[in-house]
Amino acid sequence: MTYPDPSTTPGTTPATASGTTPAAASADDRRAVTGKRRIAFAVHVAGAGELPGLRTLLRSLALSDPALCEDVVVLHPGLPDAAFDTARRLHPRLIPRTAGGRDDVFRLDGYDTVVALTPAMVVLGRLDALLRLRTGVAAVPRPGPNGAPGDGLLVIQCQDLDHSVPPAAAQDIPESDLVPLDSRYDFRALRLGDDLAVPEGVVVLNFAGEQTTCAGPAHAARARYDLDDEAFRAAYLALPGARHPDLLLHLALPFPDRSRPPIDLVRQLAEIHRGRGHHDRAVALLGEAVAGRPDLPRCHETLGVCLMALSRYEEAETHLLLATASPDFAPRAFGQLARLAWLLGRTEDARGYALAGLEADPTDANCRAWYARTSAMGRIGRSPAAAPPGEQLAHVALFADGEENAGDKVLPEAVRSCFTADTGPDRWHQQHAHLLVDEPALERLNARRAVVVGGGGLFLPDTAPNGNSGWQWNIPDDVLARITAPLAVFAVGYNVFDGQRYRRERFAASLRALVERSAFFGLRNHGSVARVRELLPESLREKVRYQPCPTTVARHLDPRLAEPAAREDTVLVNCAYDRAGLRFGHDYGHFLAEMAAAIRAVSTSAEVRYAAHMPADERFVDDLRREHGLTLPVEPLYLLSNDAVRDLYRRTRLVIGMRGHAGMIPFGCGTPVISLVSHPKLAYFLADIDRPDWGVSVHERALGDRLAERARAVLDDHTAAVADVHDRQRLLWSATRDNLARLRGLTGLPDPFGDPDAGPVVPSPRSAAEDRVTRPRDRA
């Protein structure tokens with residue numbers, strides 16, 4: 001089974017002793033929206049005498065399962081907080097809580113799965129299998145009338161407990177709730193005596209009832225983890241393979257006095273900071289490490305990328321050029337240089353860098369994409385002039401091309417269609433959001449009739465980070481203040497992932513300036529409205545309005561998208577894999593198995609096909625075939641035109657999608673949808689249309705059954721399901737029309753939709769040729 005790399009799965013920030021998390025340092029926590037499981041280890045210490053055992057347990061957990069880092073809740077009878085200082089040095093997410101006894105593991109608030117350990121245990125292997133358990137209370141059966149688990153290891157699924165009468169002790173768990181575990185997960189050292197070796201494969205060794213200072217192989221196994229802090233840090237940092245970023249940062253920093261850390265370790269720590277948006281910390285680490293060292297191309301590449309993210313472009317270019325000296329890193333560095341030059345409007349330089357990267361490695365996909373993009377831009381620049389600037393609107397958005405996300409290609413056109421029937425270059429000047437708004441770009445924006453910012457989840461810190469705004473539009477505050485054309489923010493999304501960490505300071509300041517400057521500020525779901533208002537002063541919050549994504553009202557914007565005379569007997573499925581650790585946590589194997597069961601069930605009613613919004617989405621098809629023997633035909637939407645994407649979604653009977661626009665685009669075309677919720681924005685959209693039951697969390701235990709049941713209900717009464725979509729869509733169209741009426745005064749444009757009481761636009765006739773979907777050849 002291939003799982004998302006646990007080292008890319010950040011946990012929540014350490015909680016305080018009271019169990020609350022400091023808001024200023026916390027990861028974005030939206031588990032209540034996504035249904036993502038929160039997992040904790042719980043250890044009860046009866047008194048200060050058991051604290052050495054706790055510390056040994058923590059060391060063994062880190063050294064035996066280095067890519068795992070969840071909260072460790074320490075239940076204690078009221079020890080002073082300082083008693084845990086030594087243990088805190090061993091683990092970044094230690095949470096002491098006063099408790100009455102060990103049985104309080106059944107009453108831990110805020111967690112879905114609790115793995116109860118004891119200070120008499122050491123961990124000798126990986127605990128993945130325990131974290132994938134989803135039902136009941138798991139334990140190794142003990143001798144006795146009913147095999148009650150006693151005081152050993154427990155894996156508790158909190159939703160299976162009777163919270164009105166929680167178990168008073170492990171022995172009180174109903175037999176029907178007990179899930180037996182193999183003895184290797186709680187192997188008693190007493191069974192070995194003083195001479196027998198620990199059996200191969202033992203994962204947790206339990207010294208309950210045993211003197212931990214005795215001799216013998218079992219005690220030797222435990223003694224490996226009785227290390228001082230310096231030896232423990234050194235042992236962890238020397239481990240091969242994946243290590244959890246929280247643990248790695250915690251145990252590596254600060255570097256010990258008088259030590260010069262290995263350069264590879266410095267780069268790894270910088271990459272962790274980079275992944276969390278702490279580019280300044282990454283630069284501080286690497287800048288000192290590479291000073292006077294041109295022979296470190298990989299470090300120079302990382303440093304250059306981090307400097308670029310801080311908008312320190314000249315320094316970034318210097319370090320990226322140093323990285324090109326190595327044949328191993330030249331293609332990657334040239335790709336980053338091409339992107340940097342493009343951000344600054346230096347199209348010819350960008351094409352030159354991309355070409356140099358291709359000369360270093362003709363197969364490099366990133367350099368090839370940049371060469372194609374910049375070559376196309378050169379051709380566009382030589383095309384005849386469009387309408388005079390004063391007759392145009394400016395559009396700031398993410399403009400996808402090539403084999404990029406199909407949703408990001410459809411969306412900008414949908415935004416423009418809300419304002420004008422002609423969405424092409426005659427009426428619109430395009431400003432890619434990632435391009436730096438310098439003085440010439442500012443002049444071009446101000447020369448337009450108005451500036452519309454919209455087309456994507458632009459309030460996202462990490463797709464193309466910049467130090468000027470902290471979100472996707474690369475505009476410094478002083479330049480934003482000098483925009484004189486009317487400015488409208490239209491249907492932008494707050495797209496931060498559940499569990500994602502980012503630095504809010506720069507974003508919040510830029511956001512405030514943007515809201516102050518905007519004549520209209522509309523976000524595409526009420527969840528985004530609420531999240532953005534949290535970051536604004538009271539005086540600005542009411543300016544933030546709800547504006548549905550234009551893709552959700554496509555039938556009212558495009559007369560060709562009327563209900564088709566007949567639909568194909570298909571169901572389209574879509575999954576997303578960007579930031580897989582944030583989406584799935586420990587549940588990817590469960591998700592894949594449940595999806596396989598659902599697809600088999602739905603296939604009895606319709607043909608199931610796979611809709612890939614981008615090439616990376618096709619991983620689902622590969623994993624499904626390898627792990628469960630299921631093969632799905634693939635529709636590569638990233639190769640289709642916008643019309644073909646909409647047509648494909650319009651003609652299927654149902655779409656089951658994980659990407660936001662794998663739900664919103666088909667919904668806008670009048671097609672029923674079921675959302676696979678791995679990101680808050682999907683739940684936000686379903687809440688807006690008052691249909692939360694159209695979504696199923698990817699973490700749902702009964703995902704397969706629920707998905708199959710919902711899909712069959714749609715297929716069995718498809719006419720009613722389509723009518724419900726149309727009914728929900730009217731609410732979004734009404735909100736859109738009200739907002740466009742407000743914007744009419746801003747742009748001075750006539751209403752392109754006629755009488756607001758006339759209902760949906762009347763479709764124009766389509767020929768049989770226009771109505772036919774042309775499909776690429778099926779791909780397994």
# chains A, B, ... in the order shown; residues from 1 in each chain; ligands from 1

call {"tool": "select_by_dssp", "arguments": {"residues": "range 332-517 of chain A", "states": "strand (DSSP E)", "output": "list in words"}}
result
Leu393, Ala394, His395, Val396, Ala397, Trp428, His429, Gln430, Gln431, His432, Val451, Val452, Val453, Leu487, Ala488, Val489, Phe490, Ala491 and Val492 of chain A

call {"tool": "residues_around", "arguments": {"residues": "Arg712 in chain A", "least_positions_apart": "5", "cutoff": "12 Å", "atoms": "only C-alpha atoms", "output": "list in words"}}
result
Val571, Ala598, Ile599, Arg600, Ala601, Val602, Ser603, Thr604, Ser605, Ala606, Arg653, Leu654, Pro672, Ile674, Asp705, Arg706, Leu707, Asp717, His718 and Ala721 of chain A

call {"tool": "atom_distance", "arguments": {"atom1": "CA of Arg448 in chain A", "atom2": "CA of Ala485 in chain A"}}
result
6.7 Å

call {"tool": "residues_around", "arguments": {"residues": "range 432-443 of chain A", "least_positions_apart": "2", "cutoff": "8 Å", "atoms": "only C-alpha atoms", "output": "ChimeraX atom specification"}}
result
/A:342-345,396-399,430,445-447,464,472-476,479,482-483

call {"tool": "write_last_selection", "arguments": {"atoms": "N, CA and C atoms", "output": "short mmCIF file (atom, residue, chain, number, x, y, z; two decimals), in the first residue's frame"}}
result
data_model
loop_
_atom_site.label_atom_id
_atom_site.label_comp_id
_atom_site.auth_asym_id
_atom_site.auth_seq_id
_atom_site.Cartn_x
_atom_site.Cartn_y
_atom_site.Cartn_z
N TRP A 342 9.79 35.44 -15.16
CA TRP A 342 8.39 35.64 -15.58
C TRP A 342 7.64 36.49 -14.57
N LEU A 343 7.85 36.23 -13.27
CA LEU A 343 7.18 37.02 -12.24
C LEU A 343 7.49 38.51 -12.39
N LEU A 344 8.70 38.80 -12.84
CA LEU A 344 9.13 40.19 -12.97
C LEU A 344 8.83 40.77 -14.35
N GLY A 345 8.13 40.02 -15.20
CA GLY A 345 7.77 40.52 -16.52
C GLY A 345 8.88 40.44 -17.53
N VAL A 396 -7.65 40.26 -12.76
CA VAL A 396 -6.55 39.67 -12.00
C VAL A 396 -7.00 38.29 -11.54
N ALA A 397 -6.29 37.24 -11.96
CA ALA A 397 -6.68 35.87 -11.62
C ALA A 397 -5.51 34.94 -11.86
N LEU A 398 -5.71 33.66 -11.56
CA LEU A 398 -4.77 32.62 -11.95
C LEU A 398 -5.20 32.13 -13.33
N PHE A 399 -4.36 32.31 -14.32
CA PHE A 399 -4.70 31.90 -15.68
C PHE A 399 -3.90 30.64 -16.01
N GLN A 430 -5.78 40.91 -19.20
CA GLN A 430 -5.46 39.91 -18.19
C GLN A 430 -4.17 40.26 -17.45
N LEU A 445 -3.18 48.74 -15.27
CA LEU A 445 -4.42 48.51 -14.52
C LEU A 445 -5.24 49.80 -14.42
N ASN A 446 -4.58 50.91 -14.11
CA ASN A 446 -5.30 52.18 -13.94
C ASN A 446 -5.88 52.70 -15.24
N ALA A 447 -5.33 52.25 -16.37
CA ALA A 447 -5.86 52.69 -17.66
C ALA A 447 -7.18 51.99 -18.00
N ALA A 464 2.11 30.06 -4.65
CA ALA A 464 3.20 30.89 -5.20
C ALA A 464 3.44 32.00 -4.20
N GLN A 472 -2.03 35.31 -2.98
CA GLN A 472 -1.63 35.01 -4.35
C GLN A 472 -1.42 36.23 -5.24
N TRP A 473 -2.05 37.37 -4.94
CA TRP A 473 -1.83 38.56 -5.78
C TRP A 473 -0.54 39.22 -5.32
N ASN A 474 0.42 39.30 -6.21
CA ASN A 474 1.76 39.79 -5.90
C ASN A 474 1.79 41.31 -6.05
N ILE A 475 1.20 42.00 -5.08
CA ILE A 475 1.11 43.45 -5.14
C ILE A 475 1.52 44.05 -3.81
N PRO A 476 2.52 44.92 -3.81
CA PRO A 476 2.91 45.60 -2.56
C PRO A 476 1.81 46.55 -2.09
N VAL A 479 1.68 49.98 -3.77
CA VAL A 479 1.16 49.95 -5.14
C VAL A 479 -0.35 49.78 -5.12
N ARG A 482 -2.24 52.89 -4.77
CA ARG A 482 -2.23 53.81 -5.90
C ARG A 482 -3.06 53.30 -7.08
N ILE A 483 -3.86 52.28 -6.88
CA ILE A 483 -4.81 51.88 -7.92
C ILE A 483 -5.96 52.89 -7.92
#

call {"tool": "closest_residue", "arguments": {"among": "A:Asn206, A:Ala376, A:Leu161, A:Val137", "to": "Leu117 in chain A", "atoms": "only C-alpha atoms"}}
result
A:Asn206

call {"tool": "select_by_dssp", "arguments": {"residues": "range 238-344 of chain A", "states": "alpha helix (DSSP H)", "output": "ChimeraX atom specification"}}
result
/A:245-252,263-275,279-290,297-309,313-323,330-343

call {"tool": "closest_residue", "arguments": {"among": "A:Pro564, A:Gly390, A:Gly670, A:Pro92", "to": "Ala62 in chain A", "atoms": "only C-alpha atoms"}}
result
A:Pro92

call {"tool": "closest_residue", "arguments": {"among": "A:His586, A:Arg339, A:Arg646, A:Arg373", "to": "Leu320 in chain A", "atoms": "only C-alpha atoms"}}
result
A:Arg339

call {"tool": "closest_residue", "arguments": {"among": "A:Ala611, A:Leu124, A:Ala360, A:Ala139", "to": "Ala221 in chain A", "atoms": "only C-alpha atoms"}}
result
A:Leu124

call {"tool": "residues_around", "arguments": {"residues": "Pro486 in chain A", "least_positions_apart": "2", "cutoff": "7 Å", "atoms": "only C-alpha atoms", "output": "JSON, numbers by chain"}}
result
{"A": [450, 451, 484, 488, 519, 746]}

call {"tool": "closest_residue", "arguments": {"among": "A:Leu321, A:Leu632, A:Ala576, A:Cys669", "to": "Pro615 in chain A", "atoms": "only C-alpha atoms"}}
result
A:Ala576

call {"tool": "closest_residue", "arguments": {"among": "A:Ala234, A:Leu682, A:Ser311, A:Arg625", "to": "Tyr494 in chain A", "atoms": "only C-alpha atoms"}}
result
A:Leu682

call {"tool": "closest_atom_pairs", "arguments": {"of": "range 54-162 of chain A", "to": "range 236-239 of chain A", "cutoff": "9 Å", "atoms": "only C-alpha atoms", "output": "JSON lines"}}
result
{"residue": "A:Arg59", "atom": "CA", "partner": "A:Tyr236", "partner_atom": "CA", "distance": 9.0}
{"residue": "A:Ala62", "atom": "CA", "partner": "A:Tyr236", "partner_atom": "CA", "distance": 7.4}
{"residue": "A:Leu63", "atom": "CA", "partner": "A:Tyr236", "partner_atom": "CA", "distance": 6.0}
{"residue": "A:Pro66", "atom": "CA", "partner": "A:Tyr236", "partner_atom": "CA", "distance": 7.6}

call {"tool": "residues_around", "arguments": {"residues": "Arg737 in chain A", "least_positions_apart": "3", "cutoff": "10 Å", "atoms": "only C-alpha atoms", "output": "count of residues only"}}
result
12

call {"tool": "residues_around", "arguments": {"residues": "range 47-55 of chain A", "least_positions_apart": "4", "cutoff": "12 Å", "atoms": "only C-alpha atoms", "output": "JSON, numbers by chain"}}
result
{"A": [41, 42, 43, 59, 60, 61, 62, 72, 73, 74, 75, 76, 77, 78, 79, 80, 81, 82, 83, 84, 85, 86, 87, 88, 89, 90, 91, 94, 96, 98, 99, 100, 101, 102, 117, 118, 119, 120, 121, 122, 123, 206, 207, 208, 211, 212, 213, 222, 223, 225, 226, 227, 228, 229, 232]}

call {"tool": "atom_distance", "arguments": {"atom1": "CA of Ala235 in chain A", "atom2": "CA of Arg258 in chain A"}}
result
18.5 Å

call {"tool": "residues_around", "arguments": {"residues": "range 636-641 of chain A", "least_positions_apart": "2", "cutoff": "10 Å", "atoms": "only C-alpha atoms", "output": "ChimeraX atom specification"}}
result
/A:400-410,610-615,617-618,633-634,643-648,774-779
